[in-house]
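Engineer: This is start.csv, which holds CSV, C-alpha atoms:
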chain,number,residue,atom,x,y,z
A,1,MET,CA,0.0,0.0,0.0
A,2,ASP,CA,1.4,3.4,-0.8
A,3,VAL,CA,2.2,5.8,2.1
A,4,LYS,CA,1.8,9.1,0.3
A,5,PRO,CA,-0.5,11.6,2.1
A,6,SER,CA,-4.2,11.3,1.4
A,7,ILE,CA,-5.6,13.5,-1.4
A,8,PHE,CA,-8.5,14.3,0.8
A,9,LYS,CA,-8.6,17.1,3.3
A,10,LEU,CA,-9.7,16.9,6.9
A,11,HIS,CA,-13.2,18.2,7.6
A,12,PRO,CA,-12.7,21.4,9.7
A,13,SER,CA,-14.7,19.9,12.6
A,14,ALA,CA,-13.5,16.4,12.2
A,15,GLN,CA,-11.9,16.2,15.7
A,16,GLU,CA,-14.8,18.0,17.3
A,17,MET,CA,-17.4,15.8,15.7
A,18,LEU,CA,-15.8,12.7,17.2
A,19,PHE,CA,-17.2,13.8,20.6
A,20,SER,CA,-19.9,16.4,19.9
A,21,HIS,CA,-22.3,13.4,19.0
A,22,TYR,CA,-20.8,11.1,21.6
A,23,ARG,CA,-24.1,10.2,23.2
A,24,LEU,CA,-25.7,9.3,19.9
A,25,LEU,CA,-22.8,7.4,18.5
A,26,ARG,CA,-22.4,5.4,21.7
A,27,ARG,CA,-26.1,4.3,21.4
A,28,VAL,CA,-25.8,3.5,17.7
A,29,PHE,CA,-22.5,1.5,18.0
A,30,ASN,CA,-23.5,-0.3,21.1
A,31,ASP,CA,-26.4,-1.8,19.2
A,32,VAL,CA,-24.0,-3.7,16.9
A,33,LEU,CA,-20.7,-4.2,18.8
A,34,GLY,CA,-20.5,-7.9,19.6
A,35,LEU,CA,-22.0,-9.1,16.3
A,36,PHE,CA,-19.3,-11.1,14.7
A,37,GLU,CA,-17.4,-10.4,17.9
A,38,ILE,CA,-16.5,-6.9,16.7
A,39,ASP,CA,-14.9,-4.7,19.3
A,40,TYR,CA,-14.5,-1.6,17.1
A,41,LEU,CA,-16.4,0.0,14.3
A,42,ALA,CA,-15.6,3.3,12.6
A,43,ILE,CA,-17.2,5.0,9.7
A,44,THR,CA,-15.4,7.5,7.5
A,45,ILE,CA,-17.4,9.7,5.2
A,46,ILE,CA,-15.9,11.8,2.4
A,47,ASN,CA,-18.2,14.7,1.7
A,48,SER,CA,-18.8,16.5,-1.6
A,49,LYS,CA,-15.8,18.8,-0.9
A,50,SER,CA,-13.5,15.8,-0.5
A,51,GLU,CA,-13.3,16.4,3.2
A,52,ILE,CA,-13.0,13.5,5.6
A,53,LEU,CA,-14.8,13.0,8.9
A,54,PHE,CA,-15.1,10.1,11.2
A,55,PHE,CA,-17.7,8.5,13.5
A,56,SER,CA,-16.2,5.9,15.8
A,57,SER,CA,-17.0,3.5,18.6
A,58,GLN,CA,-13.6,4.3,20.0
A,59,PRO,CA,-13.1,8.0,19.1
A,60,SER,CA,-9.8,8.3,20.9
A,61,ILE,CA,-8.3,6.4,18.0
A,62,GLU,CA,-9.3,8.8,15.3
A,63,TYR,CA,-8.6,11.8,17.6
A,64,ASN,CA,-5.0,10.6,18.0
A,65,LEU,CA,-4.6,9.9,14.3
A,66,ILE,CA,-5.6,13.5,13.5
A,67,GLU,CA,-3.6,14.9,16.4
A,68,LYS,CA,-0.5,13.2,15.1
A,69,ASP,CA,-1.2,13.8,11.4
A,70,LEU,CA,-1.2,10.0,10.9
A,71,TRP,CA,-4.6,10.0,9.3
A,72,GLN,CA,-3.0,11.2,6.1
A,73,LEU,CA,-0.8,8.1,5.9
A,74,ASP,CA,-3.7,5.7,6.5
A,75,PRO,CA,-4.1,3.8,3.3
A,76,SER,CA,-7.8,3.5,4.0
A,77,TYR,CA,-8.2,7.1,2.9
A,78,HIS,CA,-6.2,6.9,-0.2
A,79,GLY,CA,-7.6,6.9,-3.7
A,80,VAL,CA,-5.9,3.7,-4.6
A,81,PHE,CA,-7.7,1.8,-1.9
A,82,LEU,CA,-11.0,3.5,-2.4
A,83,ASN,CA,-11.1,2.9,-6.1
A,84,GLN,CA,-10.4,-0.8,-5.9
A,85,GLU,CA,-13.6,-1.1,-3.8
A,86,LYS,CA,-12.6,-4.4,-2.1
A,87,PRO,CA,-12.2,-5.1,1.6
A,88,GLN,CA,-8.7,-5.2,3.0
A,89,THR,CA,-7.4,-6.8,6.2
A,90,TRP,CA,-5.4,-4.7,8.6
A,91,GLU,CA,-2.4,-7.1,8.2
A,92,MET,CA,-2.2,-5.7,4.6
A,93,LEU,CA,-3.0,-2.1,5.4
A,94,TYR,CA,-0.9,-1.8,8.6
A,95,PRO,CA,2.1,-4.1,8.3
A,96,GLN,CA,3.9,-5.1,11.5
A,97,ASN,CA,6.9,-2.8,11.8
A,98,LYS,CA,8.5,-1.3,14.9
A,99,LYS,CA,8.3,2.2,13.4
A,100,ASN,CA,4.7,1.9,12.3
A,101,GLN,CA,3.1,4.6,14.5
A,102,LEU,CA,-0.1,4.3,12.5
A,103,ARG,CA,-0.4,0.6,13.4
A,104,TYR,CA,0.3,1.4,17.0
A,105,TYR,CA,-2.4,4.0,17.5
A,106,LYS,CA,-4.9,2.2,15.4
A,107,GLN,CA,-4.4,-1.4,16.4
A,108,GLU,CA,-1.7,-2.3,19.0
A,109,ALA,CA,-2.7,0.3,21.6
A,110,HIS,CA,-6.1,-1.3,21.8
A,111,ASN,CA,-5.0,-5.0,21.5
A,112,TYR,CA,-7.0,-5.5,18.3
A,113,SER,CA,-5.9,-8.8,16.9
A,114,THR,CA,-7.1,-8.2,13.4
A,115,GLY,CA,-9.3,-5.8,11.4
A,116,LEU,CA,-11.0,-5.3,8.1
A,117,THR,CA,-11.6,-2.1,6.2
A,118,ILE,CA,-14.2,-1.9,3.5
A,119,PRO,CA,-14.7,0.9,1.0
A,120,SER,CA,-18.3,1.5,0.0
A,121,ARG,CA,-20.8,4.1,-0.9
A,122,PHE,CA,-23.8,5.6,0.9
A,123,GLU,CA,-26.2,7.8,-0.8
A,124,GLU,CA,-23.6,8.8,-3.5
A,125,LYS,CA,-21.0,9.6,-0.9
A,126,ARG,CA,-17.8,7.5,-0.5
A,127,VAL,CA,-17.6,5.8,2.9
A,128,VAL,CA,-15.2,3.5,4.6
A,129,TYR,CA,-16.2,1.0,7.2
A,130,SER,CA,-13.5,-0.2,9.6
A,131,PHE,CA,-13.9,-3.1,12.0
A,132,ALA,CA,-11.6,-4.8,14.5
A,133,LEU,CA,-11.6,-7.6,17.0
A,134,THR,CA,-9.6,-8.4,20.1
A,135,SER,CA,-10.3,-12.1,19.9
A,136,LEU,CA,-7.4,-14.4,19.2
A,137,GLU,CA,-9.6,-17.3,18.3
A,138,GLU,CA,-8.8,-18.5,14.8
A,139,SER,CA,-12.4,-19.6,14.1
A,140,ILE,CA,-13.8,-16.2,15.2
A,141,GLN,CA,-11.2,-14.3,13.1
A,142,LYS,CA,-12.0,-16.5,10.1
A,143,HIS,CA,-15.7,-16.0,10.5
A,144,PHE,CA,-15.1,-12.3,10.7
A,145,HIS,CA,-13.0,-12.1,7.6
A,146,GLN,CA,-15.4,-14.1,5.6
A,147,ASN,CA,-18.4,-11.9,6.2
A,148,ALA,CA,-17.4,-8.6,4.6
A,149,LEU,CA,-20.9,-8.2,3.1
A,150,ARG,CA,-22.7,-8.6,6.4
A,151,LEU,CA,-20.2,-6.2,8.0
A,152,THR,CA,-20.9,-3.7,5.3
A,153,GLN,CA,-24.6,-4.0,6.0
A,154,ILE,CA,-23.9,-3.4,9.7
A,155,GLY,CA,-22.0,-0.3,8.8
A,156,GLN,CA,-24.8,0.9,6.6
A,157,PHE,CA,-27.3,0.3,9.4
A,158,CYS,CA,-25.3,2.4,11.8
A,159,LEU,CA,-24.7,5.1,9.2
A,160,GLN,CA,-28.4,5.3,8.4
A,161,ASN,CA,-29.1,5.8,12.1
A,162,ILE,CA,-26.4,8.4,12.5
A,163,MET,CA,-27.5,10.4,9.4
A,164,GLY,CA,-31.0,10.4,10.8
A,165,HIS,CA,-29.8,12.6,13.6
A,166,ILE,CA,-26.8,14.6,12.3
A,167,PRO,CA,-27.8,17.5,10.0
A,168,MET,CA,-26.4,17.3,6.4
A,169,TRP,CA,-24.9,20.8,6.8
A,170,ASP,CA,-22.6,19.5,9.5
A,171,ILE,CA,-21.4,16.8,7.2
A,172,GLU,CA,-21.1,19.1,4.2
A,173,HIS,CA,-19.6,21.9,6.3
A,174,CYS,CA,-21.9,24.5,4.9
A,175,ARG,CA,-24.1,27.1,6.4
A,176,LYS,CA,-27.6,26.0,7.3
A,177,ARG,CA,-29.9,27.1,4.5
A,178,GLU,CA,-32.3,29.7,5.8
A,179,SER,CA,-35.8,28.6,5.3
A,180,SER,CA,-37.7,30.5,2.6
A,181,TYR,CA,-41.4,30.6,2.3
A,182,LEU,CA,-43.9,30.5,-0.6
A,183,LYS,CA,-47.0,32.5,-0.3
A,184,LEU,CA,-50.1,31.9,-2.2
A,185,VAL,CA,-51.8,35.2,-2.9
A,186,ILE,CA,-55.3,35.3,-4.3
A,187,ASN,CA,-57.1,38.6,-4.8
A,188,ASN,CA,-54.4,40.3,-2.7
A,189,GLU,CA,-55.0,38.0,0.2
A,190,VAL,CA,-52.4,35.6,1.5
A,191,ASN,CA,-54.1,32.2,1.5
A,192,HIS,CA,-51.4,29.8,2.2
A,193,VAL,CA,-47.8,29.9,3.4
A,194,GLU,CA,-45.5,27.0,3.0
A,195,ALA,CA,-41.8,26.5,3.9
A,196,ASN,CA,-39.6,25.9,0.9
E,1,MET,CA,-18.1,-0.1,24.5
E,2,THR,CA,-16.5,-0.9,27.8
E,3,LYS,CA,-14.2,-3.8,27.0
E,4,ASN,CA,-14.7,-7.1,28.9
E,5,LYS,CA,-15.1,-5.4,32.3
E,6,TYR,CA,-17.1,-8.4,33.5
E,7,LYS,CA,-15.1,-11.2,31.9
E,8,ALA,CA,-15.1,-13.5,34.9
E,9,PHE,CA,-18.9,-13.3,35.0
E,10,SER,CA,-19.2,-14.0,31.3
E,11,ASN,CA,-16.8,-17.0,31.5
E,12,ARG,CA,-19.0,-18.5,34.2
E,13,LEU,CA,-22.1,-17.8,32.3
E,14,ILE,CA,-20.7,-19.4,29.1
E,15,GLU,CA,-19.4,-22.5,30.9
E,16,THR,CA,-22.7,-23.0,32.7
E,17,MET,CA,-24.8,-22.5,29.5
E,18,LYS,CA,-22.7,-25.0,27.7
E,19,ALA,CA,-22.9,-27.5,30.6
E,20,LYS,CA,-26.7,-27.2,30.4
E,21,GLY,CA,-26.7,-27.9,26.7
E,22,HIS,CA,-27.7,-24.3,25.5
E,23,ILE,CA,-25.3,-24.6,22.6
E,24,ALA,CA,-25.4,-23.0,19.2
E,25,LEU,CA,-22.7,-24.3,16.9
E,26,ARG,CA,-22.9,-21.3,14.5
E,27,SER,CA,-22.4,-18.8,17.3
E,28,PRO,CA,-18.8,-17.6,17.8
E,29,ASN,CA,-19.0,-18.3,21.6
E,30,GLY,CA,-20.9,-21.5,21.1
E,31,ILE,CA,-23.8,-20.2,23.1
E,32,CYS,CA,-27.4,-19.9,22.1
E,33,ILE,CA,-28.2,-16.2,22.7
E,34,GLN,CA,-31.9,-16.7,22.0
E,35,LYS,CA,-32.2,-19.2,24.8
E,36,LEU,CA,-30.4,-16.8,27.2
E,37,ALA,CA,-32.8,-14.0,26.2
E,38,GLN,CA,-35.8,-16.3,26.7
E,39,PHE,CA,-35.1,-17.3,30.2
E,40,SER,CA,-33.5,-14.1,31.4
E,41,LEU,CA,-36.3,-11.9,29.8
E,42,ALA,CA,-33.6,-9.6,28.4
E,43,SER,CA,-33.1,-8.6,24.8
E,44,GLU,CA,-30.7,-10.5,22.6
E,45,GLN,CA,-28.6,-7.4,22.2
E,46,ILE,CA,-28.0,-7.1,26.0
E,47,CYS,CA,-27.4,-10.8,26.2
E,48,ARG,CA,-24.6,-10.5,23.7
E,49,ARG,CA,-23.1,-7.9,26.0
E,50,TYR,CA,-23.4,-10.3,29.0
E,51,ILE,CA,-21.6,-13.0,27.0
E,52,ARG,CA,-18.8,-10.6,26.0
E,53,GLY,CA,-18.4,-9.4,29.5
E,54,ASP,CA,-19.4,-5.9,28.7
E,55,ALA,CA,-22.4,-5.7,30.9
E,56,LEU,CA,-23.8,-7.2,34.1
E,57,PRO,CA,-27.4,-8.2,34.5
E,58,ASP,CA,-29.4,-6.5,37.2
E,59,TYR,CA,-30.3,-8.6,40.3
E,60,GLU,CA,-33.7,-9.7,39.0
E,61,LYS,CA,-32.2,-11.1,35.8
E,62,ILE,CA,-29.3,-12.7,37.7
E,63,LYS,CA,-31.9,-14.6,39.8
E,64,ARG,CA,-33.8,-15.8,36.7
E,65,ILE,CA,-30.6,-16.8,34.9
E,66,ALA,CA,-29.2,-18.6,38.0
E,67,SER,CA,-32.5,-20.3,38.7
E,68,HIS,CA,-32.8,-21.6,35.1
E,69,LEU,CA,-29.1,-22.8,35.1
E,70,GLU,CA,-29.5,-24.3,38.6
E,71,VAL,CA,-26.6,-22.4,40.1
E,72,SER,CA,-26.4,-19.8,42.9
E,73,PRO,CA,-26.8,-16.2,41.8
E,74,GLY,CA,-23.8,-15.3,44.1
E,75,TRP,CA,-21.5,-17.8,42.3
E,76,LEU,CA,-22.7,-16.6,38.9
E,77,LEU,CA,-22.0,-13.0,39.8
E,78,PHE,CA,-18.8,-13.4,41.9
E,79,GLY,CA,-17.5,-16.9,41.5
E,80,GLU,CA,-14.8,-18.0,43.9
E,81,GLU,CA,-12.2,-15.6,42.6
E,82,ASN,CA,-10.4,-13.0,44.7
E,83,THR,CA,-12.4,-9.8,44.2
E,84,ASN,CA,-9.9,-7.7,46.2
E,85,ILE,CA,-9.9,-4.4,44.4
E,86,ALA,CA,-6.3,-3.8,45.4
E,87,ASN,CA,-5.2,-6.7,43.2
E,88,SER,CA,-7.1,-5.4,40.2
E,89,THR,CA,-4.9,-4.6,37.2
E,90,SER,CA,-7.2,-1.8,36.0
E,91,LYS,CA,-5.5,1.6,35.5
E,92,GLN,CA,-6.1,4.3,38.0
E,93,VAL,CA,-8.7,7.0,37.1
E,94,ASP,CA,-7.8,10.6,37.4
E,95,GLU,CA,-10.0,11.8,40.2
E,96,ASP,CA,-10.2,15.3,39.0
E,97,VAL,CA,-11.4,14.2,35.6
E,98,LEU,CA,-13.9,11.8,37.1
E,99,HIS,CA,-15.2,14.4,39.5
E,100,TYR,CA,-15.6,17.0,36.7
E,101,ILE,CA,-17.5,14.5,34.4
E,102,LEU,CA,-19.8,13.4,37.2
E,103,LYS,CA,-20.5,16.9,38.4
E,104,ARG,CA,-21.3,18.2,34.9
E,105,SER,CA,-23.3,15.2,33.6
E,106,HIS,CA,-25.3,13.5,36.3
E,107,HIS,CA,-28.3,15.8,36.1
E,108,LEU,CA,-28.4,15.6,32.3
E,109,TYR,CA,-28.3,11.9,32.0
E,110,ARG,CA,-31.8,10.5,32.6
E,111,GLU,CA,-32.7,6.8,32.7
E,112,GLU,CA,-34.0,6.6,29.1
E,113,THR,CA,-33.6,2.9,28.4
E,114,GLY,CA,-34.2,1.5,31.9
E,115,ASN,CA,-30.7,0.2,31.9
E,116,THR,CA,-29.3,1.6,35.1
E,117,ASP,CA,-25.8,0.7,34.1
E,118,ASP,CA,-25.9,3.0,31.1
E,119,TYR,CA,-24.8,6.2,32.9
E,120,ALA,CA,-22.0,4.5,34.7
E,121,ASP,CA,-20.9,2.9,31.4
E,122,PHE,CA,-21.1,6.4,29.7
E,123,VAL,CA,-18.8,7.9,32.3
E,124,LEU,CA,-16.3,5.0,32.4
E,125,GLU,CA,-16.1,4.8,28.6
E,126,LEU,CA,-15.6,8.5,28.3
E,127,ILE,CA,-12.8,8.3,30.8
E,128,GLN,CA,-11.2,5.4,29.0
E,129,ASN,CA,-11.3,7.5,25.7
E,130,ILE,CA,-9.9,10.5,27.5
E,131,ARG,CA,-7.0,8.5,29.0
E,132,GLU,CA,-6.0,7.2,25.6
E,133,ILE,CA,-5.9,10.6,23.9
E,134,ASP,CA,-2.5,12.2,23.5
E,135,THR,CA,-3.1,15.9,23.6
E,136,SER,CA,-3.0,19.0,25.9
E,137,LYS,CA,-5.1,19.3,29.1
E,138,ASP,CA,-7.1,22.2,27.5
E,139,ASN,CA,-8.0,20.0,24.5
E,140,LEU,CA,-9.0,17.2,26.9
E,141,GLN,CA,-11.3,19.6,28.7
E,142,LYS,CA,-12.9,20.6,25.4
E,143,ILE,CA,-13.5,17.0,24.5
E,144,ILE,CA,-15.1,16.3,27.9
E,145,ASN,CA,-17.4,19.3,27.5
E,146,LEU,CA,-18.4,18.2,24.0
E,147,ALA,CA,-19.2,14.7,25.1
E,148,ILE,CA,-21.3,16.0,28.1
E,149,HIS,CA,-23.1,18.5,25.9
E,150,SER,CA,-23.9,15.7,23.5
E,151,ILE,CA,-26.2,14.2,26.2
E,152,SER,CA,-28.5,17.2,26.3
E,153,SER,CA,-28.4,17.7,22.5
E,154,TYR,CA,-29.3,14.1,21.9
E,155,GLN,CA,-32.2,14.3,24.4
E,156,GLU,CA,-33.5,17.5,22.8
E,157,LYS,CA,-33.5,15.8,19.3
E,158,ARG,CA,-35.3,12.8,20.7
E,159,HIS,CA,-37.8,14.9,22.4
E,160,LYS,CA,-38.5,16.9,19.1
E,161,GLN,CA,-38.8,13.7,17.2
E,162,ALA,CA,-41.3,12.3,19.7
E,163,LEU,CA,-43.6,15.4,19.3
With the file now loaded, output its structure as structure tokens.
Structural biologist:
Amino acid sequence: MDVKPSIFKLHPSAQEMLFSHYRLLRRVFNDVLGLFEIDYLAITIINSKSEILFFSSQPSIEYNLIEKDLWQLDPSYHGVFLNQEKPQTWEMLYPQNKKNQLRYYKQEAHNYSTGLTIPSRFEEKRVVYSFALTSLEESIQKHFHQNALRLTQIGQFCLQNIMGHIPMWDIEHCRKRESSYLKLVINNEVNHVEAN
Amino acid sequence: MTKNKYKAFSNRLIETMKAKGHIALRSPNGICIQKLAQFSLASEQICRRYIRGDALPDYEKIKRIASHLEVSPGWLLFGEENTNIANSTSKQVDEDVLHYILKRSHHLYREETGNTDDYADFVLELIQNIREIDTSKDNLQKIINLAIHSISSYQEKRHKQAL
């Protein structure tokens, strides 16, 4: 995997959003953690401005990756990985290497034994679902790696829940559109007002 | 999201379920979650958390589970292991941080789901995240404030949706 910096930019509120919806994200992710023995789930969204933001069951991971500028080196957010549209194990994405700080903050610091990252799409946006386990059981790890499709569905389920609560202007980093109104005027009288 | 805090309990529960024949070959832990949900009168979701050691049932559920599995509730909860807190390998919690979080959040966090462990889990998981973040004290303070604020903004949105 190449280690050039990502072509995407960081969403200006990426770090803040890891915790500003903490209560919601906790509820959403707790509903699915445990399925396939997963201990970690993170969803990365790339908005229409090519800005990246994260929602995570362990937000300290992404916070540290941003704080240390390591997110740019994460192959999960590179065009090469996204364009090939296939799941990739963490053994491939984050090879074992004493100097691999990215692997340390993402995997080793939390005792994750393995992980899987899956590029996908959600409502025309590019998304990346990342999952990890702490289990050392071979059968559990095998079962996990063989169910990328089901894991993608779990990711979609969570993202749907999240998007039901977080306004799109937060994701797109634009000003909230002021509501405008249509008035129906008949014989100089306003008969009906409707929000646009 | 608290990791395996109650691992000893979950190990005893798994052993006993297997011994009583409540096995599901396709399940990663070999346990039939549906059976556990049936006799504990808990949801399958929370039963998964019991099996993973992420949650502990309340006393009523412990009694039901223990009764069905024909073991003592006390053994199921505590086993015969040394529960001396001084021997625990868990990391120490920064008391100032804990105090701040509890002071700012306790009046905001209402019992929404009926799971009385939820508030305690919220605080402990937040502390766990805070402990792992490598940044300045000022930034940590901001993170705590954001997370606490998310409680009330979440409740407001839920309230609006319910109307």
Engineer: Grab the CA of Thr89 (chain A) to CA of Thr114 (chain A) distance for me, in Å with one decimal place.
Structural biologist: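 Going from CA of Thr89 (chain A) over to CA of Thr114 (chain A) covers 7.3 Å.
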Engineer: Excluding region 14-28 of chain A and residues on its chain fewer than 4 positions from it, collect all residues at most 7 Å away from it, counting all atoms listed in the file, and give them as number ranges by chain.
Structural biologist: A: 10, 53-57, 59, 63, 158, 161; E: 143, 146-147, 150-151, 154
Engineer: Quick one: residues within 10 Å of Gly30 (chain E), all atoms listed in the file, excluding same-chain residues fewer than 5 positions away - as a ChimeraX atom specification?
Structural biologist: /E:14-15,17-18,22-25
Engineer: If we count only C-alpha atoms, what is near region 32-36 of chain A at a cut-off of 7 Å, once residues fewer than 2 positions away on the same chain are taken out, given as a PDB file with C-alpha atoms, in the frame of the given file?
Structural biologist:
ATOM      1  CA  PHE A  29     -22.500   1.500  18.000  1.00  0.00           C
ATOM      2  CA  ASN A  30     -23.500  -0.300  21.100  1.00  0.00           C
ATOM      3  CA  ILE A  38     -16.500  -6.900  16.700  1.00  0.00           C
ATOM      4  CA  ASP A  39     -14.900  -4.700  19.300  1.00  0.00           C
ATOM      5  CA  TYR A  40     -14.500  -1.600  17.100  1.00  0.00           C
ATOM      6  CA  PHE A 144     -15.100 -12.300  10.700  1.00  0.00           C
TER       7      PHE A 144
ATOM      8  CA  ARG E  48     -24.600 -10.500  23.700  1.00  0.00           C
ATOM      9  CA  ARG E  49     -23.100  -7.900  26.000  1.00  0.00           C
TER      10      ARG E  49
END
Engineer: Tell me, as a list in words, which residues lie within 10 Å of region 131-141 of chain E, counting all atoms listed in the file; anything in the same chain fewer than 6 positions away does not count.
Structural biologist: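 Once the nearby chain positions are removed, what remains is Gln58, Pro59, Ser60, Ile61, Glu62, Tyr63, Asn64, Leu65, Glu67, Lys68, Tyr105, Ala109 and His110 of chain A; Lys91, Gln92, Val93, Asp94, Val97, Tyr100, Ile101, Glu125 and Ala147 of chain E.
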Engineer: Taking all atoms listed in the file into account, name the residue in A:Val128, A:Leu133, A:Ile43, A:Leu82 that is nearest to chain E.
Structural biologist: A:Leu133
Engineer: Which residue is closest to chain E? Choose from A:Lys9, A:His143, A:Arg126, A:Arg150 and count only C-alpha atoms.
Structural biologist: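 Among the listed residues, A:His143 lies closest to chain E.
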Engineer: Smallest atom-to-atom distance to Ser135 (chain A): which of E:Ser72, E:Asn29, E:Ser67, E:Gln155, using all atoms listed in the file?
Structural biologist: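 Looking only at the distances to Ser135 (chain A), the closest residue turns out to be E:Asn29.
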Engineer: Just how far from CA of Ile52 (chain A) is CA of Lys157 (chain E), in Å to one decimal?
Structural biologist: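 Interatomic distance, CA of Lys157 (chain E) to CA of Ile52 (chain A): 24.8 Å.
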Engineer: Take CA of Ile140 (chain A) and CA of Pro28 (chain E) and report the distance between them in Å, one decimal.
Structural biologist: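 Separation of CA of Ile140 (chain A) and CA of Pro28 (chain E): 5.8 Å.
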Engineer: Write out as a list in words which residues come within 8 Å of Leu69 (chain E) when counting all atoms listed in the file, dropping same-chain ones fewer than 2 positions away.
Structural biologist: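 The residues satisfying every condition are Thr16, Met17, Lys20, Ile65, Ala66, Ser67 and Val71 of chain E.
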Engineer: Show me the residues close to (-28.0, 15.3, 29.1) - anything with an atom within 8 Å, counting all atoms listed in the file - and format the list as a VMD selection string.
Structural biologist: chain E and resid 105 to 110 148 to 155
Engineer: Can you write just those residues out, C-alpha atoms, as a compact mmCIF listing (two decimals), in the frame of the given file?
Structural biologist:
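Dumped to again.txt:
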# COMPACT_ATOMS: atom_id res chain seq x y z
CA SER E 105 -23.30 15.20 33.60
CA HIS E 106 -25.30 13.50 36.30
CA HIS E 107 -28.30 15.80 36.10
CA LEU E 108 -28.40 15.60 32.30
CA TYR E 109 -28.30 11.90 32.00
CA ARG E 110 -31.80 10.50 32.60
CA ILE E 148 -21.30 16.00 28.10
CA HIS E 149 -23.10 18.50 25.90
CA SER E 150 -23.90 15.70 23.50
CA ILE E 151 -26.20 14.20 26.20
CA SER E 152 -28.50 17.20 26.30
CA SER E 153 -28.40 17.70 22.50
CA TYR E 154 -29.30 14.10 21.90
CA GLN E 155 -32.20 14.30 24.40
Engineer: Using all atoms listed in the file, pick whichever of E:Ser40, E:Phe9, E:Gln161, E:Asn129 has the shortest atom-to-atom distance to chain A.
Structural biologist: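 Residue with the minimum atom-to-atom distance to chain A: E:Asn129.
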Engineer: Any chance you could work out the axis-aligned box around region 65-68 of chain E, listed atoms only, 3 Å on each side, giving centre and edge lengths in Å to one decimal, as AutoDock Vina command-line options?
Structural biologist:
--center_x -31.0 --center_y -19.2 --center_z 36.8 --size_x 9.6 --size_y 10.8 --size_z 9.8
Engineer: Measuring atom to atom with only C-alpha atoms, identify which of A:Trp71, A:Trp169, A:Tyr129, A:Tyr112 is nearest to chain E.
Structural biologist: A:Tyr112
Engineer: From the options E:Arg12, E:Arg26, E:Lys103, E:Lys61, which residue's atoms come nearest to chain A, counting all atoms listed in the file?
Structural biologist: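 That would be E:Arg26, the residue with the smallest distance to chain A.
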Engineer: Add whatever atoms are absent from region 112-124 of chain A to reach N, CA and C atoms, and provide the output as a PDB file, in the coordinates of the input.
Structural biologist:
ATOM      1  N   TYR A 112      -6.164  -4.909  19.380  1.00  0.00           N
ATOM      2  CA  TYR A 112      -7.000  -5.500  18.300  1.00  0.00           C
ATOM      3  C   TYR A 112      -6.108  -6.559  17.623  1.00  0.00           C
ATOM      4  N   SER A 113      -6.652  -7.750  17.510  1.00  0.00           N
ATOM      5  CA  SER A 113      -5.900  -8.800  16.900  1.00  0.00           C
ATOM      6  C   SER A 113      -5.889  -8.766  15.387  1.00  0.00           C
ATOM      7  N   THR A 114      -7.001  -8.269  14.861  1.00  0.00           N
ATOM      8  CA  THR A 114      -7.100  -8.200  13.400  1.00  0.00           C
ATOM      9  C   THR A 114      -8.223  -7.151  13.092  1.00  0.00           C
ATOM     10  N   GLY A 115      -8.264  -6.729  11.835  1.00  0.00           N
ATOM     11  CA  GLY A 115      -9.300  -5.800  11.400  1.00  0.00           C
ATOM     12  C   GLY A 115      -9.577  -5.920   9.946  1.00  0.00           C
ATOM     13  N   LEU A 116     -10.664  -5.256   9.566  1.00  0.00           N
ATOM     14  CA  LEU A 116     -11.000  -5.300   8.100  1.00  0.00           C
ATOM     15  C   LEU A 116     -11.564  -3.914   7.784  1.00  0.00           C
ATOM     16  N   THR A 117     -11.102  -3.397   6.675  1.00  0.00           N
ATOM     17  CA  THR A 117     -11.600  -2.100   6.200  1.00  0.00           C
ATOM     18  C   THR A 117     -12.236  -2.254   4.873  1.00  0.00           C
ATOM     19  N   ILE A 118     -13.430  -1.671   4.739  1.00  0.00           N
ATOM     20  CA  ILE A 118     -14.200  -1.900   3.500  1.00  0.00           C
ATOM     21  C   ILE A 118     -14.659  -0.591   2.921  1.00  0.00           C
ATOM     22  N   PRO A 119     -14.205  -0.314   1.694  1.00  0.00           N
ATOM     23  CA  PRO A 119     -14.700   0.900   1.000  1.00  0.00           C
ATOM     24  C   PRO A 119     -16.078   0.647   0.478  1.00  0.00           C
ATOM     25  N   SER A 120     -16.902   1.679   0.497  1.00  0.00           N
ATOM     26  CA  SER A 120     -18.300   1.500   0.000  1.00  0.00           C
ATOM     27  C   SER A 120     -18.843   2.836  -0.382  1.00  0.00           C
ATOM     28  N   ARG A 121     -20.129   2.839  -0.630  1.00  0.00           N
ATOM     29  CA  ARG A 121     -20.800   4.100  -0.900  1.00  0.00           C
ATOM     30  C   ARG A 121     -22.109   4.141  -0.137  1.00  0.00           C
ATOM     31  N   PHE A 122     -22.496   5.369   0.216  1.00  0.00           N
ATOM     32  CA  PHE A 122     -23.800   5.600   0.900  1.00  0.00           C
ATOM     33  C   PHE A 122     -24.387   6.827   0.412  1.00  0.00           C
ATOM     34  N   GLU A 123     -25.523   6.683  -0.244  1.00  0.00           N
ATOM     35  CA  GLU A 123     -26.200   7.800  -0.800  1.00  0.00           C
ATOM     36  C   GLU A 123     -25.236   8.704  -1.632  1.00  0.00           C
ATOM     37  N   GLU A 124     -24.551   8.080  -2.548  1.00  0.00           N
ATOM     38  CA  GLU A 124     -23.600   8.800  -3.500  1.00  0.00           C
ATOM     39  C   GLU A 124     -22.350   9.305  -2.783  1.00  0.00           C
TER      40      GLU A 124
END
